Amino acid sequence: MADFIIRPAERRDCKAILDLIKGLAEYEKMLEEFSGTPELLEKWLFDEPVAEVLVPEVAGQVVGYAIFFHSFSTFLTKPGIYLEDVYVEPEFRGRGIGKALLSKLASIVIERGYGRLEWACLDWNKPSMDLYLSLGAVPLDGWTTLRLTGTKLEELSKSCHSNQAGR
């Protein structure tokens, strides 16, 4: 029998989740991009929800998280789930917690009648990639993930407003 449970996150979990997000940022060598706060996390998960979180718990301690939100497939004409992050504290890895989180997400996709579960994985993260491939996940060749943030996002937003000013 598993020594953990997986449950939906609750408001009281925000500090623990944020600490885990910081742990993921360190693991992914992206700590300089981490700027989250418990207040922002609480706002976007509970006050004005735009994402959902599952947490694995061992002996009452939150030891990881999976944060996800809705996506939409125009080709399937169905919603899906995009898994933003899945993380388990290093000392709790190897117990099947990561696989259980993915399994729970797959069951949510099926229960809701959605069409797919998708996520991204860093190329160098071999342990995670090996797990994903063992579950039947398929890498999307020919696709590159793109992102706009910070000043570049602001600049693009301003260009949209300036182009529309004369209308």
# chains A, B, ... in the order shown; residues from 1 in each chain; ligands from 1
$ residues_around --residues "Ala59 (chain A)" --least-positions-apart "6" --cutoff "10 Å" --atoms "only C-alpha atoms" --output "list in words"
Asp3, Phe4 and Ile5 of chain A
$ write_last_selection --atoms "C-alpha atoms" --output "CSV table (one decimal), in the first residue's frame"
chain,number,residue,atom,x,y,z
A,3,ASP,CA,2.6,5.6,2.0
A,4,PHE,CA,1.1,8.8,0.4
A,5,ILE,CA,-2.2,10.3,-0.7
$ residues_around --residues "region 69-75 of chain A" --least-positions-apart "3" --cutoff "10 Å" --atoms "only C-alpha atoms" --output "PyMOL selection string"
chain A and resi 49-53+78-84+109+114-118
$ atom_distance --atom1 "CA of Tyr132 (chain A)" --atom2 "CA of Gln61 (chain A)"
25.3 Å
$ select_by_dssp --residues "chain A" --states "alpha helix (DSSP H)" --output "PyMOL selection string"
chain A and resi 14-27+38-42+97-111+126-134+150-164
$ closest_residue --among "A:Arg93, A:Arg11, A:Lys152, A:Arg112" --to "Asp47 (chain A)" --atoms "only C-alpha atoms"
A:Arg11
$ decode --residues "region 53-163 of chain A" --atoms "C-alpha atoms" --output "short mmCIF file (atom, residue, chain, number, x, y, z; two decimals), in the first residue's frame"
data_model
loop_
_atom_site.label_atom_id
_atom_site.label_comp_id
_atom_site.auth_asym_id
_atom_site.auth_seq_id
_atom_site.Cartn_x
_atom_site.Cartn_y
_atom_site.Cartn_z
CA VAL A 53 -3.07 21.93 -8.04
CA LEU A 54 -2.79 18.37 -6.83
CA VAL A 55 -0.53 17.69 -3.87
CA PRO A 56 0.94 14.42 -2.67
CA GLU A 57 1.03 14.16 1.09
CA VAL A 58 3.18 11.86 3.24
CA ALA A 59 2.36 11.71 6.95
CA GLY A 60 0.57 15.07 6.71
CA GLN A 61 3.42 16.79 4.85
CA VAL A 62 3.00 18.17 1.32
CA VAL A 63 5.96 16.71 -0.59
CA GLY A 64 5.26 17.79 -4.16
CA TYR A 65 2.72 19.30 -6.49
CA ALA A 66 1.26 19.19 -9.98
CA ILE A 67 -0.12 22.51 -11.23
CA PHE A 68 -2.29 22.48 -14.32
CA PHE A 69 -4.79 24.51 -16.28
CA HIS A 70 -7.19 24.11 -19.18
CA SER A 71 -6.03 24.18 -22.76
CA PHE A 72 -8.01 23.68 -25.95
CA SER A 73 -7.33 21.54 -28.99
CA THR A 74 -8.83 22.99 -32.12
CA PHE A 75 -8.11 19.75 -33.99
CA LEU A 76 -9.92 17.62 -31.38
CA THR A 77 -12.42 20.42 -30.67
CA LYS A 78 -12.10 19.51 -27.01
CA PRO A 79 -10.46 21.02 -23.96
CA GLY A 80 -7.38 19.46 -22.48
CA ILE A 81 -5.10 19.87 -19.51
CA TYR A 82 -1.72 21.51 -19.72
CA LEU A 83 0.57 20.42 -16.90
CA GLU A 84 2.71 23.43 -16.04
CA ASP A 85 4.82 21.74 -13.36
CA VAL A 86 5.12 18.42 -11.64
CA TYR A 87 7.60 18.22 -8.79
CA VAL A 88 8.38 15.84 -5.96
CA GLU A 89 10.94 16.64 -3.29
CA PRO A 90 14.16 14.69 -3.91
CA GLU A 91 13.95 12.63 -0.71
CA PHE A 92 10.48 11.38 -1.72
CA ARG A 93 11.32 10.38 -5.30
CA GLY A 94 11.35 6.73 -6.28
CA ARG A 95 8.12 5.93 -4.39
CA GLY A 96 5.80 6.26 -7.39
CA ILE A 97 4.52 9.71 -6.38
CA GLY A 98 5.32 11.35 -9.73
CA LYS A 99 3.67 8.53 -11.66
CA ALA A 100 0.65 8.71 -9.33
CA LEU A 101 0.30 12.46 -9.97
CA LEU A 102 0.35 11.86 -13.74
CA SER A 103 -2.12 9.00 -13.38
CA LYS A 104 -4.49 11.21 -11.39
CA LEU A 105 -4.23 13.92 -14.04
CA ALA A 106 -4.99 11.37 -16.77
CA SER A 107 -8.08 10.29 -14.84
CA ILE A 108 -9.21 13.93 -14.53
CA VAL A 109 -8.84 14.35 -18.30
CA ILE A 110 -10.96 11.24 -18.90
CA GLU A 111 -13.58 12.08 -16.22
CA ARG A 112 -14.07 15.57 -17.66
CA GLY A 113 -14.35 14.31 -21.24
CA TYR A 114 -11.27 16.23 -22.34
CA GLY A 115 -9.04 15.17 -25.22
CA ARG A 116 -5.45 15.32 -24.04
CA LEU A 117 -2.86 15.88 -21.34
CA GLU A 118 0.30 17.67 -22.38
CA TRP A 119 3.38 19.26 -20.86
CA ALA A 120 6.96 20.23 -21.60
CA CYS A 121 10.16 18.70 -20.23
CA LEU A 122 13.65 20.15 -20.23
CA ASP A 123 15.86 18.27 -22.67
CA TRP A 124 18.51 17.56 -20.03
CA ASN A 125 16.05 16.14 -17.47
CA LYS A 126 16.66 12.48 -18.32
CA PRO A 127 15.02 10.95 -15.21
CA SER A 128 11.76 12.77 -15.89
CA MET A 129 11.90 12.13 -19.63
CA ASP A 130 12.48 8.42 -19.00
CA LEU A 131 9.40 8.32 -16.75
CA TYR A 132 7.24 10.15 -19.29
CA LEU A 133 8.32 7.90 -22.15
CA SER A 134 7.69 4.78 -20.02
CA LEU A 135 4.09 5.96 -19.57
CA GLY A 136 3.59 6.26 -23.34
CA ALA A 137 4.03 10.03 -23.68
CA VAL A 138 5.24 11.08 -27.12
CA PRO A 139 7.68 13.97 -27.71
CA LEU A 140 6.42 16.41 -30.34
CA ASP A 141 9.16 16.63 -32.95
CA GLY A 142 9.20 19.80 -34.97
CA TRP A 143 7.63 21.98 -32.29
CA THR A 144 9.44 24.68 -30.35
CA THR A 145 8.02 26.22 -27.19
CA LEU A 146 8.05 30.02 -27.35
CA ARG A 147 7.53 32.50 -24.55
CA LEU A 148 7.11 36.26 -24.06
CA THR A 149 7.64 37.79 -20.61
CA GLY A 150 8.74 41.03 -18.99
CA THR A 151 9.69 43.99 -21.15
CA LYS A 152 9.25 42.12 -24.45
CA LEU A 153 5.67 41.24 -23.46
CA GLU A 154 5.03 44.87 -22.48
CA GLU A 155 6.53 46.15 -25.74
CA LEU A 156 4.32 43.87 -27.81
CA SER A 157 1.26 44.92 -25.82
CA LYS A 158 2.04 48.60 -26.41
CA SER A 159 2.49 48.03 -30.13
CA CYS A 160 -1.01 46.54 -30.27
CA HIS A 161 -2.49 49.60 -28.57
CA SER A 162 -0.58 52.04 -30.79
CA ASN A 163 -1.72 50.19 -33.94
#
